[in-house]
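Take a look at the structure set out below.
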Amino acid sequence: MLSPRMEEALNKQINAELHSAYIYLAMAADLEEKNLPGASSWMKMQVQEELMHARKFFDYINERQGRVTLEAIEAPPGSWESILAIFEAAYKHEVYISGRINDLVELSREEKDNATYNFLQWFVSEQVEEESSTDAVVQKLKLVGDHGHGIFMVNQELGARVFTPPAAETGV
Ligand code: FEO
């Protein structure tokens with residue numbers, strides 16, 4: 001059974017993951033607007049990742065006989081200055097989410113909730129990947145600068161990303 005504090009914090013994380021999905025969906029729309037369909041497709045894969053993260057918290061709360069509580073999702077920004085600004089914001093957001101996961105791990109220790117501590121380890125590893133994948137795009141975009149051909153190439157490359165569903169990812 002989850003403690004009330006742990007249950008509330010896990011529920012807030014469902015909201016944070018859905019908010020992440022919402023932000024990335026807004027970024028996907030803005031990238032479409034900027035005529036960068038490959039980068040937009042990459043962001044749509046990111047949206048699927050976030051929905052999967054939210055679902056993992058949702059299922060875990062239920063599995064521990066907790067109560068899922070869904071709250072309003074804050075509206076995301078509508079547009080960004082450039083593709084670089086978008087990926088920099090995505091990277092910054094992932095660093096923020098990593099901080100939240102670390103706080104949840106800390107709380108699970110305080111609550112002596114080893115099951116939740118174990119559950120959260122998947123997210124600890126996932127956040128390393130999330131920060132790394134967004135930063136890799138930022139670095140590429142910094143390299144190409146304002147060169148249209150370079151941005152065209154990065155856009156093409158980002159369009160090749162495919163979503164790995166959780167079953168294949170975890171081997172369950
Ligand atoms: Fe759910 Fe991108 O962290």
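Convention: chains lettered A, B, ... in structure tokens order; per-chain residue numbering from 1; ligands numbered from 1 as shown.
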
Just want the residues within 8 Å of ligand 1, written as a list in words, counting only C-alpha atoms and all ligand atoms.
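Going residue by residue within 8 Å of ligand 1, we get Ala16, Glu17, Ser20, Gln46, Glu49, Glu50, Leu51, His53, Ala54, His93, Glu94, Ile97, Ser98, Phe123, Glu126, Gln127, Glu130 and Glu131 of chain A.
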
Using all heavy atoms, can you export the residues from the last selection as a tab-separated table (two decimals), in the first residue's frame?
```
chain	number	residue	atom	x	y	z
A	16	ALA	N	2.67	15.75	-14.47
A	16	ALA	CA	3.91	16.30	-15.06
A	16	ALA	C	4.25	15.61	-16.38
A	16	ALA	O	4.72	16.24	-17.33
A	16	ALA	CB	5.06	16.16	-14.07
A	17	GLU	N	4.01	14.29	-16.45
A	17	GLU	CA	4.31	13.55	-17.69
A	17	GLU	C	3.32	13.94	-18.79
A	17	GLU	O	3.71	14.10	-19.94
A	17	GLU	CB	4.27	12.04	-17.44
A	17	GLU	CG	5.27	11.53	-16.39
A	17	GLU	CD	6.73	11.62	-16.83
A	17	GLU	OE1	6.99	11.86	-18.02
A	17	GLU	OE2	7.61	11.45	-15.96
A	20	SER	N	4.32	17.23	-20.01
A	20	SER	CA	5.46	17.09	-20.93
A	20	SER	C	4.95	16.74	-22.32
A	20	SER	O	5.39	17.32	-23.32
A	20	SER	CB	6.41	15.97	-20.46
A	20	SER	OG	6.87	16.21	-19.16
A	46	GLN	N	8.29	11.80	-29.20
A	46	GLN	CA	8.54	12.22	-27.81
A	46	GLN	C	7.21	12.30	-27.04
A	46	GLN	O	7.15	11.94	-25.87
A	46	GLN	CB	9.27	13.58	-27.82
A	46	GLN	CG	9.89	13.96	-26.51
A	46	GLN	CD	11.02	13.03	-26.06
A	46	GLN	OE1	11.60	12.32	-26.86
A	46	GLN	NE2	11.29	13.03	-24.78
A	49	GLU	N	6.35	8.88	-26.00
A	49	GLU	CA	7.18	8.49	-24.84
A	49	GLU	C	6.57	9.01	-23.55
A	49	GLU	O	6.47	8.31	-22.55
A	49	GLU	CB	8.58	9.10	-24.97
A	49	GLU	CG	9.43	8.51	-26.05
A	49	GLU	CD	10.48	7.55	-25.51
A	49	GLU	OE1	10.75	7.60	-24.31
A	49	GLU	OE2	10.99	6.76	-26.32
A	50	GLU	N	6.16	10.29	-23.58
A	50	GLU	CA	5.62	10.90	-22.37
A	50	GLU	C	4.29	10.28	-21.95
A	50	GLU	O	4.03	10.09	-20.76
A	50	GLU	CB	5.46	12.42	-22.55
A	50	GLU	CG	6.75	13.16	-22.85
A	50	GLU	CD	7.87	12.88	-21.88
A	50	GLU	OE1	7.62	12.39	-20.77
A	50	GLU	OE2	9.02	13.13	-22.26
A	51	LEU	N	3.47	9.94	-22.95
A	51	LEU	CA	2.20	9.29	-22.63
A	51	LEU	C	2.47	7.93	-22.00
A	51	LEU	O	1.77	7.50	-21.08
A	51	LEU	CB	1.34	9.15	-23.89
A	51	LEU	CG	0.84	10.47	-24.50
A	51	LEU	CD1	0.08	10.20	-25.80
A	51	LEU	CD2	-0.04	11.24	-23.52
A	53	HIS	N	5.14	7.20	-20.25
A	53	HIS	CA	5.61	7.47	-18.88
A	53	HIS	C	4.42	7.69	-17.94
A	53	HIS	O	4.38	7.16	-16.83
A	53	HIS	CB	6.51	8.71	-18.84
A	53	HIS	CG	7.80	8.54	-19.59
A	53	HIS	ND1	8.65	9.58	-19.86
A	53	HIS	CD2	8.38	7.44	-20.11
A	53	HIS	CE1	9.70	9.13	-20.53
A	53	HIS	NE2	9.56	7.83	-20.70
A	54	ALA	N	3.47	8.52	-18.41
A	54	ALA	CA	2.28	8.80	-17.58
A	54	ALA	C	1.54	7.50	-17.29
A	54	ALA	O	1.11	7.25	-16.15
A	54	ALA	CB	1.36	9.79	-18.31
A	93	HIS	N	13.63	21.17	-20.13
A	93	HIS	CA	12.46	20.52	-19.51
A	93	HIS	C	12.83	19.14	-18.99
A	93	HIS	O	12.39	18.73	-17.90
A	93	HIS	CB	11.31	20.44	-20.51
A	93	HIS	CG	10.06	19.89	-19.91
A	93	HIS	ND1	9.29	20.62	-19.02
A	93	HIS	CD2	9.47	18.67	-20.01
A	93	HIS	CE1	8.28	19.87	-18.62
A	93	HIS	NE2	8.36	18.69	-19.20
A	94	GLU	N	13.64	18.40	-19.74
A	94	GLU	CA	14.04	17.06	-19.29
A	94	GLU	C	14.89	17.13	-18.03
A	94	GLU	O	14.78	16.27	-17.15
A	94	GLU	CB	14.78	16.31	-20.41
A	94	GLU	CG	13.88	15.86	-21.55
A	94	GLU	CD	12.71	14.99	-21.09
A	94	GLU	OE1	12.81	14.31	-20.05
A	94	GLU	OE2	11.67	15.00	-21.78
A	97	ILE	N	12.48	17.51	-15.30
A	97	ILE	CA	11.80	16.24	-14.99
A	97	ILE	C	12.74	15.30	-14.22
A	97	ILE	O	12.31	14.62	-13.27
A	97	ILE	CB	11.27	15.56	-16.28
A	97	ILE	CG1	10.14	16.39	-16.91
A	97	ILE	CG2	10.79	14.13	-16.02
A	97	ILE	CD1	8.84	16.46	-16.11
A	98	SER	N	14.01	15.30	-14.58
A	98	SER	CA	14.98	14.47	-13.83
A	98	SER	C	15.00	14.88	-12.36
A	98	SER	O	15.07	14.03	-11.47
A	98	SER	CB	16.40	14.64	-14.41
A	98	SER	OG	16.44	14.20	-15.73
A	123	PHE	N	12.86	5.00	-14.23
A	123	PHE	CA	12.78	6.41	-14.63
A	123	PHE	C	14.13	7.12	-14.45
A	123	PHE	O	14.45	8.04	-15.21
A	123	PHE	CB	11.68	7.13	-13.85
A	123	PHE	CG	10.30	6.80	-14.37
A	123	PHE	CD1	9.56	5.78	-13.80
A	123	PHE	CD2	9.76	7.49	-15.44
A	123	PHE	CE1	8.30	5.45	-14.30
A	123	PHE	CE2	8.51	7.17	-15.95
A	123	PHE	CZ	7.78	6.15	-15.37
A	126	GLU	N	15.90	6.19	-17.52
A	126	GLU	CA	15.21	6.80	-18.66
A	126	GLU	C	15.57	8.28	-18.77
A	126	GLU	O	15.75	8.81	-19.87
A	126	GLU	CB	13.68	6.63	-18.49
A	126	GLU	CG	12.83	7.28	-19.55
A	126	GLU	CD	12.85	6.55	-20.90
A	126	GLU	OE1	13.60	5.56	-21.02
A	126	GLU	OE2	12.12	6.99	-21.80
A	127	GLN	N	15.68	8.97	-17.62
A	127	GLN	CA	15.98	10.40	-17.67
A	127	GLN	C	17.39	10.68	-18.19
A	127	GLN	O	17.63	11.71	-18.82
A	127	GLN	CB	15.76	11.05	-16.30
A	127	GLN	CG	14.29	11.32	-15.99
A	127	GLN	CD	13.55	12.02	-17.13
A	127	GLN	OE1	12.58	11.50	-17.66
A	127	GLN	NE2	14.00	13.20	-17.53
A	130	GLU	N	16.76	10.60	-21.80
A	130	GLU	CA	15.96	11.75	-22.23
A	130	GLU	C	16.81	13.03	-22.32
A	130	GLU	O	16.71	13.79	-23.28
A	130	GLU	CB	14.80	11.99	-21.26
A	130	GLU	CG	13.74	10.89	-21.26
A	130	GLU	CD	12.76	11.01	-22.41
A	130	GLU	OE1	13.13	10.62	-23.53
A	130	GLU	OE2	11.65	11.51	-22.19
A	131	GLU	N	17.66	13.23	-21.32
A	131	GLU	CA	18.54	14.41	-21.35
A	131	GLU	C	19.54	14.29	-22.49
A	131	GLU	O	19.80	15.25	-23.23
A	131	GLU	CB	19.30	14.54	-20.02
A	131	GLU	CG	18.44	15.04	-18.88
A	131	GLU	CD	19.25	15.31	-17.62
A	131	GLU	OE1	20.45	15.63	-17.72
A	131	GLU	OE2	18.69	15.20	-16.52
```

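Each of A:Asn155, A:Lys140, A:Gln48, A:His149 was checked against Glu32 in chain A using only C-alpha atoms; the smallest atom-to-atom distance is that of A:Asn155.
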
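Nearest residue to Ala26 in chain A among A:Met45, A:Leu10, A:Gly78, A:Gly38 is A:Gly78, counting only C-alpha atoms.
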
Which of these, A:Met153, A:Leu158, A:Leu70, A:Leu25, has the shortest distance to Asn11 in chain A once you count only C-alpha atoms?
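Under the stated criterion, the closest residue is A:Leu70.
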
Could you name the residues that touch range 107-113 of chain A at 8 Å or less, counting only C-alpha atoms, but leaving out those on the same chain fewer than 2 positions away, as a PyMOL selection string?
chain A and resi 2-3+6+103-105+115-117

If DSSP is run on the backbone, what residues of chain A are helix (DSSP H, G or I)? A reply as JSON, numbers by chain would be ideal.
{"A": [4, 5, 6, 7, 8, 9, 10, 11, 12, 13, 14, 15, 16, 17, 18, 19, 20, 21, 22, 23, 24, 25, 26, 27, 28, 29, 30, 31, 32, 33, 37, 38, 39, 40, 41, 42, 43, 44, 45, 46, 47, 48, 49, 50, 51, 52, 53, 54, 55, 56, 57, 58, 59, 60, 61, 62, 63, 83, 84, 85, 86, 87, 88, 89, 90, 91, 92, 93, 94, 95, 96, 97, 98, 99, 100, 101, 102, 103, 104, 105, 106, 107, 108, 109, 110, 114, 115, 116, 117, 118, 119, 120, 121, 122, 123, 124, 125, 126, 127, 128, 129, 130, 131, 132, 133, 134, 135, 136, 137, 138, 139, 140, 141, 142, 143, 144, 148, 149, 150, 151, 152, 153, 154, 155, 156, 157, 158, 166, 167, 168, 169, 170]}

Here is a test: counting only C-alpha atoms, which residue of A:Ala136, A:Phe57, A:Arg161, A:Phe152 is nearest to Trp122 in chain A?
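Using only C-alpha atoms, Trp122 in chain A sits closest to A:Phe57.
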
Do you know which residues are at most 12 Å from Phe87 in chain A counting only C-alpha atoms, after dropping those on the same chain fewer than 6 positions away, and could you put them as a PyMOL selection string?
chain A and resi 23-24+27-28+30-31+39-40+42-43+46+80-81+93-94+130-142+158

Can you measure CA of Lys44 in chain A to CA of Asn62 in chain A for me? One decimal in Å is fine.
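Rounded to one decimal, the two atoms are 27.2 Å apart.
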
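Taking CA of Ala72 in chain A and CA of Ala21 in chain A as endpoints, the distance between them is 13.5 Å.
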
Å distance separating CA of Lys92 in chain A from CA of Val144 in chain A, one decimal place:
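Distance reported for this atom pair: 20.4 Å.
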
A:Ala75, A:Leu36, A:Val124, A:Val47: which is nearest Arg100 in chain A, counting only C-alpha atoms?
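Nearest candidate to Arg100 in chain A out of A:Ala75, A:Leu36, A:Val124, A:Val47: A:Val124.
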
Option closest in space to His19 in chain A, from A:Glu74, A:Val68, A:Ala85, A:Gln121 [counting only C-alpha atoms]:
A:Glu74
